[in-house]
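Participant: Quick one: this structure, given as structure tokens, is what I'll be asking you about.
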Amino acid sequence: YAHWMNHYAYTTTPLLSLPSDEAGGDGDEEEIIVFLKDSDMRYAWGDRTFGDLLSLALVNGFSCMKMTYTPSILHQSDILRGFEFKGEHVRRHDSNMETTAAEIAPFQTTAYKNLGEWVEKLDLPLQNNITTTRSSIVPVCYGGTFAARKSQILRKPKKTWEAMENSLTRGDNIVEGHYSERIWGSLLSKPLSSDTASAIWEMNPSLMDSGSPEFTGMLLL
């Protein structure tokens with residue numbers, strides 16, 4: 001994903017364009033980019049139709065396909081940054097695949113302790129809607145299948161995508177892949193306003209307690 005954003009998002013070749021006036025825009029065509037995992041798709045598709053995926057991306061700048069996998073997309077940013085994947089990770093679909101050179105790379109790295117350190121070292125510009133008393137609220141898209149407006153990609157400095165591409169090319173099955181999965185929404189969606197974030201906090205959301213680090217920072221309303 002980061003490779004495409006770094007090398008192809010800045011070209012002028014049109015891909016899939018939809019009229020932005022469908023979302024109350026000025027009528028100019030807006031390119032929607034869909035990112036699909038090249039692995040076991042059972043874990044990528046949810047109950048959202050492809051048309052819904054595109055329509056929501058047109059309105060929100062970003063849309064996630066897999067919505068039934070988790071009870072919430074909203075996460076408390078400062079808690080989310082503490083996410084760390086301890087141990088190793090074996091993908092469900094790897095048992096029948098030949099091992100490639102990229103897959104020989106170790107899953108873990110000593111370069112970053114957790115998601116927050118990875119974000120800081122790569123200097124990634126995540127959303128910020130911090131209120132006077134509470135942390136930012138950011139969306140997380142699990143499953144690796146999502147759509148985004150091309151304009152949302154272009155709003156970020158090109159160095160963002162270059163840094164992510166360089167980090168993710170360390171190997172195939174690596175912890176950085178789990179870090180990136182948790183920040184695509186924050187990088188590409190239109191940010192919540194401080195007023196909206198404050199309204200969510202007034203609903204007294206609770207933190208997900210699943211006994212697993214997988215859903216670190218998830219807010220339940």
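Residue names in the structure tokens use chain letters A, B, ... in the order shown, residue numbers from 1 in each chain, and ligand numbers from 1 in the order shown.
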What's around region 114-130 of chain A at 9 Å? Count only C-alpha atoms, leave out sequence neighbours fewer than 3 positions away in its own chain, and write the answer as a ChimeraX atom specification.
Facilitator: /A:77-78,80-85,111,133-138,156-157,160-161,163-164,167,176,178-180,182-183,186-187,189-198
Participant: Using DSSP on the backbone coordinates, identify all residues within region 27-205 of chain A classified as strand (DSSP E); present the result as an NGL selection string.
Facilitator: :A and (29-35 or 62-64 or 74-76 or 137-139 or 146-149)
Participant: Go ahead and dump the residues you just picked, N, CA, C and O atoms, as a PDB file, in the first residue's frame.
Facilitator:
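Output (part_32.pdb):
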```
ATOM      1  N   GLU A  29     -14.743  15.464 -10.446  1.00  0.00           N
ATOM      2  CA  GLU A  29     -14.556  14.035 -10.233  1.00  0.00           C
ATOM      3  C   GLU A  29     -13.501  13.793  -9.151  1.00  0.00           C
ATOM      4  O   GLU A  29     -12.536  14.531  -9.029  1.00  0.00           O
ATOM      5  N   GLU A  30     -13.741  12.772  -8.361  1.00  0.00           N
ATOM      6  CA  GLU A  30     -12.844  12.411  -7.279  1.00  0.00           C
ATOM      7  C   GLU A  30     -12.415  10.968  -7.444  1.00  0.00           C
ATOM      8  O   GLU A  30     -13.244  10.080  -7.602  1.00  0.00           O
ATOM      9  N   GLU A  31     -11.112  10.738  -7.451  1.00  0.00           N
ATOM     10  CA  GLU A  31     -10.603   9.380  -7.595  1.00  0.00           C
ATOM     11  C   GLU A  31     -10.668   8.649  -6.263  1.00  0.00           C
ATOM     12  O   GLU A  31     -10.244   9.178  -5.233  1.00  0.00           O
ATOM     13  N   ILE A  32     -11.205   7.426  -6.291  1.00  0.00           N
ATOM     14  CA  ILE A  32     -11.269   6.571  -5.120  1.00  0.00           C
ATOM     15  C   ILE A  32     -10.322   5.392  -5.347  1.00  0.00           C
ATOM     16  O   ILE A  32     -10.422   4.698  -6.360  1.00  0.00           O
ATOM     17  N   ILE A  33      -9.422   5.176  -4.425  1.00  0.00           N
ATOM     18  CA  ILE A  33      -8.457   4.087  -4.530  1.00  0.00           C
ATOM     19  C   ILE A  33      -8.866   2.991  -3.549  1.00  0.00           C
ATOM     20  O   ILE A  33      -9.091   3.266  -2.365  1.00  0.00           O
ATOM     21  N   VAL A  34      -8.971   1.758  -4.050  1.00  0.00           N
ATOM     22  CA  VAL A  34      -9.328   0.621  -3.203  1.00  0.00           C
ATOM     23  C   VAL A  34      -8.090  -0.238  -2.980  1.00  0.00           C
ATOM     24  O   VAL A  34      -7.402  -0.612  -3.935  1.00  0.00           O
ATOM     25  N   PHE A  35      -7.801  -0.549  -1.734  1.00  0.00           N
ATOM     26  CA  PHE A  35      -6.644  -1.360  -1.367  1.00  0.00           C
ATOM     27  C   PHE A  35      -7.122  -2.726  -0.876  1.00  0.00           C
ATOM     28  O   PHE A  35      -7.928  -2.810   0.052  1.00  0.00           O
ATOM     29  N   PHE A  62     -12.262   8.115   3.647  1.00  0.00           N
ATOM     30  CA  PHE A  62     -11.724   6.784   3.929  1.00  0.00           C
ATOM     31  C   PHE A  62     -12.877   5.886   4.345  1.00  0.00           C
ATOM     32  O   PHE A  62     -13.821   6.330   4.983  1.00  0.00           O
ATOM     33  N   SER A  63     -12.795   4.609   3.961  1.00  0.00           N
ATOM     34  CA  SER A  63     -13.837   3.654   4.343  1.00  0.00           C
ATOM     35  C   SER A  63     -13.233   2.279   4.521  1.00  0.00           C
ATOM     36  O   SER A  63     -12.369   1.863   3.744  1.00  0.00           O
ATOM     37  N   CYS A  64     -13.682   1.576   5.551  1.00  0.00           N
ATOM     38  CA  CYS A  64     -13.158   0.255   5.886  1.00  0.00           C
ATOM     39  C   CYS A  64     -14.166  -0.823   5.498  1.00  0.00           C
ATOM     40  O   CYS A  64     -15.357  -0.686   5.772  1.00  0.00           O
ATOM     41  N   LEU A  74     -13.466   3.106  16.767  1.00  0.00           N
ATOM     42  CA  LEU A  74     -12.928   4.245  17.505  1.00  0.00           C
ATOM     43  C   LEU A  74     -11.904   3.786  18.545  1.00  0.00           C
ATOM     44  O   LEU A  74     -12.142   2.834  19.293  1.00  0.00           O
ATOM     45  N   HIS A  75     -10.772   4.488  18.581  1.00  0.00           N
ATOM     46  CA  HIS A  75      -9.704   4.129  19.508  1.00  0.00           C
ATOM     47  C   HIS A  75      -9.143   5.376  20.183  1.00  0.00           C
ATOM     48  O   HIS A  75      -9.094   6.457  19.574  1.00  0.00           O
ATOM     49  N   GLN A  76      -8.734   5.214  21.435  1.00  0.00           N
ATOM     50  CA  GLN A  76      -8.085   6.290  22.169  1.00  0.00           C
ATOM     51  C   GLN A  76      -6.627   6.325  21.757  1.00  0.00           C
ATOM     52  O   GLN A  76      -5.877   5.376  21.986  1.00  0.00           O
ATOM     53  N   ILE A 137      -9.255  10.853  19.534  1.00  0.00           N
ATOM     54  CA  ILE A 137      -9.979   9.644  19.131  1.00  0.00           C
ATOM     55  C   ILE A 137      -9.694   9.427  17.650  1.00  0.00           C
ATOM     56  O   ILE A 137      -9.881  10.338  16.835  1.00  0.00           O
ATOM     57  N   VAL A 138      -9.224   8.247  17.304  1.00  0.00           N
ATOM     58  CA  VAL A 138      -8.860   7.956  15.915  1.00  0.00           C
ATOM     59  C   VAL A 138      -9.524   6.652  15.469  1.00  0.00           C
ATOM     60  O   VAL A 138      -9.807   5.775  16.285  1.00  0.00           O
ATOM     61  N   PRO A 139      -9.787   6.509  14.160  1.00  0.00           N
ATOM     62  CA  PRO A 139     -10.368   5.265  13.643  1.00  0.00           C
ATOM     63  C   PRO A 139      -9.283   4.244  13.324  1.00  0.00           C
ATOM     64  O   PRO A 139      -8.180   4.595  12.907  1.00  0.00           O
ATOM     65  N   PHE A 146      -9.584  -1.507   2.372  1.00  0.00           N
ATOM     66  CA  PHE A 146     -10.208  -0.207   2.577  1.00  0.00           C
ATOM     67  C   PHE A 146     -10.139   0.609   1.296  1.00  0.00           C
ATOM     68  O   PHE A 146      -9.460   0.244   0.330  1.00  0.00           O
ATOM     69  N   ALA A 147     -10.869   1.713   1.292  1.00  0.00           N
ATOM     70  CA  ALA A 147     -10.869   2.636   0.163  1.00  0.00           C
ATOM     71  C   ALA A 147     -10.573   4.038   0.682  1.00  0.00           C
ATOM     72  O   ALA A 147     -10.924   4.379   1.812  1.00  0.00           O
ATOM     73  N   ALA A 148      -9.928   4.843  -0.151  1.00  0.00           N
ATOM     74  CA  ALA A 148      -9.596   6.207   0.255  1.00  0.00           C
ATOM     75  C   ALA A 148      -9.662   7.135  -0.947  1.00  0.00           C
ATOM     76  O   ALA A 148      -9.384   6.731  -2.078  1.00  0.00           O
ATOM     77  N   ARG A 149     -10.040   8.357  -0.693  1.00  0.00           N
ATOM     78  CA  ARG A 149      -9.947   9.374  -1.728  1.00  0.00           C
ATOM     79  C   ARG A 149      -8.478   9.611  -2.052  1.00  0.00           C
ATOM     80  O   ARG A 149      -7.635   9.683  -1.151  1.00  0.00           O
TER      81      ARG A 149
END
```
Participant: Would you please work out which residue, of A:Ala105, A:Leu207, A:Met218, A:Ala199, is nearest to Cys141 (chain A) when using only C-alpha atoms?
Facilitator: A:Met218
Participant: Going by DSSP on the backbone, which residues of region 65-188 of chain A come out as alpha helix (DSSP H)? List them as a PyMOL selection string.
Facilitator: chain A and resi 77-80+115-122+150-154+158-168+175-181+184-188
